[in-house]
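Single-structure report; data block below.
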Amino acid sequence: MIRIVLPQHLRTLAGTGREVELHVEGPPTQRLVLDALETAYPVLSGTLRDPATQRRRPFIRFFACEEDLSHESPDALLPEAVAAGNEPLYVVGAMAGG
Amino acid sequence: MTAVRVLVGTQKGGFVLTSDGYRTEWDVSGPHFGGWEIYHMVGSAIDPMRLYASQSSGWFGQVVQRSDDGGVSWQPAGSQFAYEGTPGTHQWYDGTPHPWEFARVWHLEPSLTDPDMLFAGAEDASLFKSTDGAATWSELAGLRTHDSGPNWQPGAGGMCVHTILVDPTNTDRLHVAISAAGVFRSDDGGETWRPANRGLRSEGIPDDDAEVGHCVHRIARHPARPDVLFMQKHWDVMRSDDSGDSWREISGDLPSDFGFPIAVHAHEPDTVFVVPITSDSEHYPPEGKLRVYRSRTGGDEWEPLTGGLPQRDCYVNVLRDAMATDSLDPCGIYFGTTGGQVYASPDGGDSWDPIVRDLPRVLSVEVQTLQ
């Protein structure tokens, strides 16, 4: 079970609480986890990744285990603690004022 | 009993203001979609309970929301806006090529005949259409792929389709306005387009009377006289009597002909409203006096309307989509400011009152007259 902590605006949009849990087949990567998130919550499609390029939106960051994973390959394996469900993957809106 | 519903999009959420036909007491609901930029909220002309809202964020992109109960509850609709084919480039501010990138929907324009059909005007400049109540969108790519497209460039707010007019007597005829490309007209439901800017003259482009490149801020029309179009341009207030084939200036005795919104009285096709601001670099009213100007002669001769509006120390702006009219008699006029006030006049502009004072920066105002 993969745990994902969403920012406030996306919790509201998706109608979820702070954290959602997803099942991902096989070793989890950013891409697989985000695909599963968008399948479970279609309204989130396009909010984290550009729909045309599937690249991370510029003001979105991914943190886990006190590390910034934003610039990791989308196909890199997530940390074992995330894969085991011991630590969540944090989706964070970049601090940009406003 | 008649009622009025005012839909206000702001930089930090949407608000729905309602009143009876007297338009003196107002209820305010919201913020809807708090914290998101609501560029536009609008209702269907034929199903007034059907509303649409464009919700966007620099962080999370574009969402379209839909309500089927007049704004009491909302459901996310389709938000996938994909350019047809491989988009090329347009000009950046400095004239260099820049890739076409979808940013947000500025304006939603519901069909006059089908509550499930609507158009979306987007940044970077493009037009989309939905025929299933905003569940899915397809691009009317003939606009973006017009031969002049690679030469379009953004205005200060971005390169956007911000105005969409559907001719009520011929729904195949559409006009759009793009900052900073100009007006384009289609006579086949949006498949093909041609520029409609003859007569416009603009500083800031190499050829000041070029066919495209004009920063048109807003166009408006009266439904009973669809070939007459009024325009607030970057500078200049303009009028066309031939559906955009040619334009002439009607700025007349305005204190400044720079501004953003322009609106037409619901029952008097020659009565037009603008809100002049000082200049392109000073986006606030001349002398700190918030004045709506009204022409009852279709332009050239303008009178200031000041009753109830601040006449000192006022430095707000009124954005292009933030002025609208109701269809009651007397006609109501409404506008929202960058300072968060929404003003209403229930008597055609003679007197004004703030119907709400302290909203976030107002991006758009639309009005529904409910019977």
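Here, A, B, ... name the chains of the structure tokens in the order displayed, residue numbers run from 1 inside each chain, and ligands are numbered from 1 in the same displayed order.
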
Near stretch 349-362 of chain B, within 7 Å and counting only C-alpha atoms, which residues show up once chain neighbours fewer than 6 positions away are dropped, as a short mmCIF file (atom, residue, chain, number, x, y, z; two decimals) with C-alpha atoms, in the first residue's frame?
```cif
data_model
loop_
_atom_site.label_atom_id
_atom_site.label_comp_id
_atom_site.auth_asym_id
_atom_site.auth_seq_id
_atom_site.Cartn_x
_atom_site.Cartn_y
_atom_site.Cartn_z
CA VAL B 8 -18.11 36.90 -9.59
CA GLY B 9 -14.77 35.29 -10.38
CA THR B 10 -11.86 36.45 -8.25
CA GLN B 11 -8.22 35.71 -7.80
CA LYS B 12 -9.00 33.58 -4.75
CA TRP B 26 -27.88 41.03 -1.73
CA LEU B 305 -21.47 58.53 -14.15
CA GLY B 307 -23.33 58.73 -8.30
CA GLY B 308 -22.27 56.44 -5.47
CA LEU B 309 -18.79 55.83 -6.88
CA ALA B 322 -15.60 42.27 -15.08
CA ILE B 333 -25.12 47.53 -14.79
CA GLY B 336 -16.03 44.43 -10.18
CA THR B 337 -12.72 46.02 -9.31
CA THR B 338 -9.21 44.90 -8.60
CA GLY B 339 -9.85 46.18 -5.08
CA GLY B 340 -12.57 43.58 -4.52
CA GLN B 341 -15.65 45.77 -4.75
CA VAL B 342 -18.60 44.85 -6.94
CA TYR B 343 -20.73 47.86 -7.83
#
```

Notebook entry, point to check: If you run DSSP on the backbone, which residues of stretch 198-346 of chain B are strand (DSSP E or B), as a ChimeraX atom specification?
Noted result: /B:216-221,229-233,235,237-240,248-249,258-264,272-277,292-295,303-305,321,323-325,333-336,342-345

Excluding A:Glu38 and residues on its chain fewer than 5 positions from it, collect all residues at most 12 Å away from it, counting only C-alpha atoms, and give them as a PDB file with N, CA and C atoms, in the first residue's frame.
```pdb
ATOM      1  N   LEU A  10      -5.679  20.100  -3.507  1.00  0.00           N
ATOM      2  CA  LEU A  10      -6.017  18.852  -4.200  1.00  0.00           C
ATOM      3  C   LEU A  10      -6.878  17.943  -3.339  1.00  0.00           C
ATOM      4  N   ALA A  14     -10.325  16.668  -4.879  1.00  0.00           N
ATOM      5  CA  ALA A  14     -10.600  15.233  -4.983  1.00  0.00           C
ATOM      6  C   ALA A  14     -11.574  14.741  -3.917  1.00  0.00           C
ATOM      7  N   VAL A  20      -4.039   9.733   1.126  1.00  0.00           N
ATOM      8  CA  VAL A  20      -4.774   8.672   0.422  1.00  0.00           C
ATOM      9  C   VAL A  20      -3.866   7.454   0.327  1.00  0.00           C
ATOM     10  N   LEU A  22      -3.034   3.906  -1.895  1.00  0.00           N
ATOM     11  CA  LEU A  22      -3.218   3.327  -3.220  1.00  0.00           C
ATOM     12  C   LEU A  22      -2.497   1.991  -3.292  1.00  0.00           C
ATOM     13  N   ARG A  31       6.021   7.373 -11.581  1.00  0.00           N
ATOM     14  CA  ARG A  31       5.050   7.286 -12.681  1.00  0.00           C
ATOM     15  C   ARG A  31       3.900   6.354 -12.323  1.00  0.00           C
ATOM     16  N   LEU A  32       4.239   5.169 -11.781  1.00  0.00           N
ATOM     17  CA  LEU A  32       3.197   4.191 -11.456  1.00  0.00           C
ATOM     18  C   LEU A  32       2.282   4.715 -10.347  1.00  0.00           C
ATOM     19  N   VAL A  33       2.879   5.367  -9.388  1.00  0.00           N
ATOM     20  CA  VAL A  33       2.069   5.892  -8.283  1.00  0.00           C
ATOM     21  C   VAL A  33       1.150   7.006  -8.773  1.00  0.00           C
ATOM     22  N   VAL A  43     -10.202  13.405 -11.279  1.00  0.00           N
ATOM     23  CA  VAL A  43     -10.188  14.867 -11.255  1.00  0.00           C
ATOM     24  C   VAL A  43      -8.767  15.405 -11.045  1.00  0.00           C
ATOM     25  N   LEU A  44      -7.878  14.549 -10.560  1.00  0.00           N
ATOM     26  CA  LEU A  44      -6.500  15.004 -10.347  1.00  0.00           C
ATOM     27  C   LEU A  44      -5.637  14.902 -11.607  1.00  0.00           C
ATOM     28  N   SER A  45      -6.205  14.300 -12.661  1.00  0.00           N
ATOM     29  CA  SER A  45      -5.432  14.212 -13.908  1.00  0.00           C
ATOM     30  C   SER A  45      -5.092  15.609 -14.391  1.00  0.00           C
ATOM     31  N   GLY A  46      -3.853  15.825 -14.652  1.00  0.00           N
ATOM     32  CA  GLY A  46      -3.420  17.132 -15.147  1.00  0.00           C
ATOM     33  C   GLY A  46      -3.028  18.108 -14.062  1.00  0.00           C
ATOM     34  N   THR A  47      -3.315  17.780 -12.812  1.00  0.00           N
ATOM     35  CA  THR A  47      -2.994  18.733 -11.742  1.00  0.00           C
ATOM     36  C   THR A  47      -1.548  18.582 -11.255  1.00  0.00           C
ATOM     37  N   LEU A  48      -0.964  17.399 -11.443  1.00  0.00           N
ATOM     38  CA  LEU A  48       0.415  17.172 -11.006  1.00  0.00           C
ATOM     39  C   LEU A  48       1.374  17.097 -12.174  1.00  0.00           C
ATOM     40  N   ARG A  49       0.859  16.600 -13.298  1.00  0.00           N
ATOM     41  CA  ARG A  49       1.686  16.453 -14.494  1.00  0.00           C
ATOM     42  C   ARG A  49       0.988  17.145 -15.654  1.00  0.00           C
ATOM     43  N   PRO A  51      -0.720  17.457 -18.922  1.00  0.00           N
ATOM     44  CA  PRO A  51      -1.421  16.387 -19.632  1.00  0.00           C
ATOM     45  C   PRO A  51      -0.773  16.043 -20.964  1.00  0.00           C
ATOM     46  N   GLN A  54       3.228  14.872 -19.776  1.00  0.00           N
ATOM     47  CA  GLN A  54       3.347  14.010 -18.579  1.00  0.00           C
ATOM     48  C   GLN A  54       4.525  14.415 -17.688  1.00  0.00           C
TER      49      GLN A  54
END
```

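Selected on chain B by distance to chain A: Lys12, Phe33, Gly34, Gly35, Trp36, Ser56, Ser57, Gly58, Trp59, Phe60, Gly61, Gln62, Val63, Val64, Gln75, Pro76, Ala77, Gly78, Ser79, Gln80, Phe81, Ala82, Tyr83, Glu101 and Phe102 of chain B (within 10 Å, counting only C-alpha atoms).
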
Just write the chosen residues, C-alpha atoms, as a PDB file, in the first residue's frame.
```
ATOM      1  CA  LYS B  12      -9.005  33.583  -4.747  1.00  0.00           C
ATOM      2  CA  PHE B  33     -13.131  26.887  -4.957  1.00  0.00           C
ATOM      3  CA  GLY B  34     -11.391  29.005  -2.329  1.00  0.00           C
ATOM      4  CA  GLY B  35      -7.777  29.831  -3.073  1.00  0.00           C
ATOM      5  CA  TRP B  36      -8.038  29.116  -6.799  1.00  0.00           C
ATOM      6  CA  SER B  56      -7.103  27.517 -12.449  1.00  0.00           C
ATOM      7  CA  SER B  57      -3.887  27.668 -10.545  1.00  0.00           C
ATOM      8  CA  GLY B  58      -0.264  28.224 -11.381  1.00  0.00           C
ATOM      9  CA  TRP B  59       0.455  25.151  -9.300  1.00  0.00           C
ATOM     10  CA  PHE B  60      -2.223  22.699 -10.365  1.00  0.00           C
ATOM     11  CA  GLY B  61      -3.377  23.790 -13.816  1.00  0.00           C
ATOM     12  CA  GLN B  62      -6.886  24.003 -15.197  1.00  0.00           C
ATOM     13  CA  VAL B  63     -10.172  22.655 -13.832  1.00  0.00           C
ATOM     14  CA  VAL B  64     -13.633  23.338 -15.235  1.00  0.00           C
ATOM     15  CA  GLN B  75     -18.912  19.114  -9.803  1.00  0.00           C
ATOM     16  CA  PRO B  76     -15.575  18.996 -11.608  1.00  0.00           C
ATOM     17  CA  ALA B  77     -16.120  18.521 -15.330  1.00  0.00           C
ATOM     18  CA  GLY B  78     -13.590  17.751 -18.059  1.00  0.00           C
ATOM     19  CA  SER B  79     -10.324  19.617 -17.883  1.00  0.00           C
ATOM     20  CA  GLN B  80      -8.281  18.084 -20.656  1.00  0.00           C
ATOM     21  CA  PHE B  81      -7.457  20.768 -23.198  1.00  0.00           C
ATOM     22  CA  ALA B  82      -5.135  19.390 -25.861  1.00  0.00           C
ATOM     23  CA  TYR B  83      -3.964  21.299 -28.888  1.00  0.00           C
ATOM     24  CA  GLU B 101       1.652  26.177 -24.314  1.00  0.00           C
ATOM     25  CA  PHE B 102      -1.794  25.770 -22.800  1.00  0.00           C
TER      26      PHE B 102
END
```

Which polymer residues have any atom within 9 Å of an atom of stretch 187-189 of chain B, counting only C-alpha atoms, with same-chain residues fewer than 3 positions away left out, as a compact mmCIF listing (two decimals) with N, CA and C atoms, in the first residue's frame?
```
# COMPACT_ATOMS: atom_id res chain seq x y z
N ASN B 170 -27.37 34.19 -36.21
CA ASN B 170 -26.66 33.25 -37.08
C ASN B 170 -25.56 32.62 -36.23
N THR B 171 -25.86 31.49 -35.60
CA THR B 171 -24.93 30.92 -34.62
C THR B 171 -23.67 30.36 -35.27
N ASP B 172 -23.61 30.33 -36.59
CA ASP B 172 -22.35 29.95 -37.25
C ASP B 172 -21.36 31.11 -37.26
N ARG B 173 -21.85 32.31 -36.94
CA ARG B 173 -20.96 33.46 -36.97
C ARG B 173 -20.44 33.74 -35.55
N LEU B 174 -19.13 33.64 -35.42
CA LEU B 174 -18.47 33.87 -34.14
C LEU B 174 -17.43 34.96 -34.30
N HIS B 175 -17.27 35.75 -33.26
CA HIS B 175 -16.14 36.67 -33.16
C HIS B 175 -15.37 36.30 -31.90
N THR B 192 -13.10 27.93 -39.69
CA THR B 192 -12.12 28.79 -40.33
C THR B 192 -12.32 30.22 -39.84
N TRP B 193 -11.25 30.99 -39.92
CA TRP B 193 -11.24 32.33 -39.33
C TRP B 193 -10.51 33.31 -40.23
```
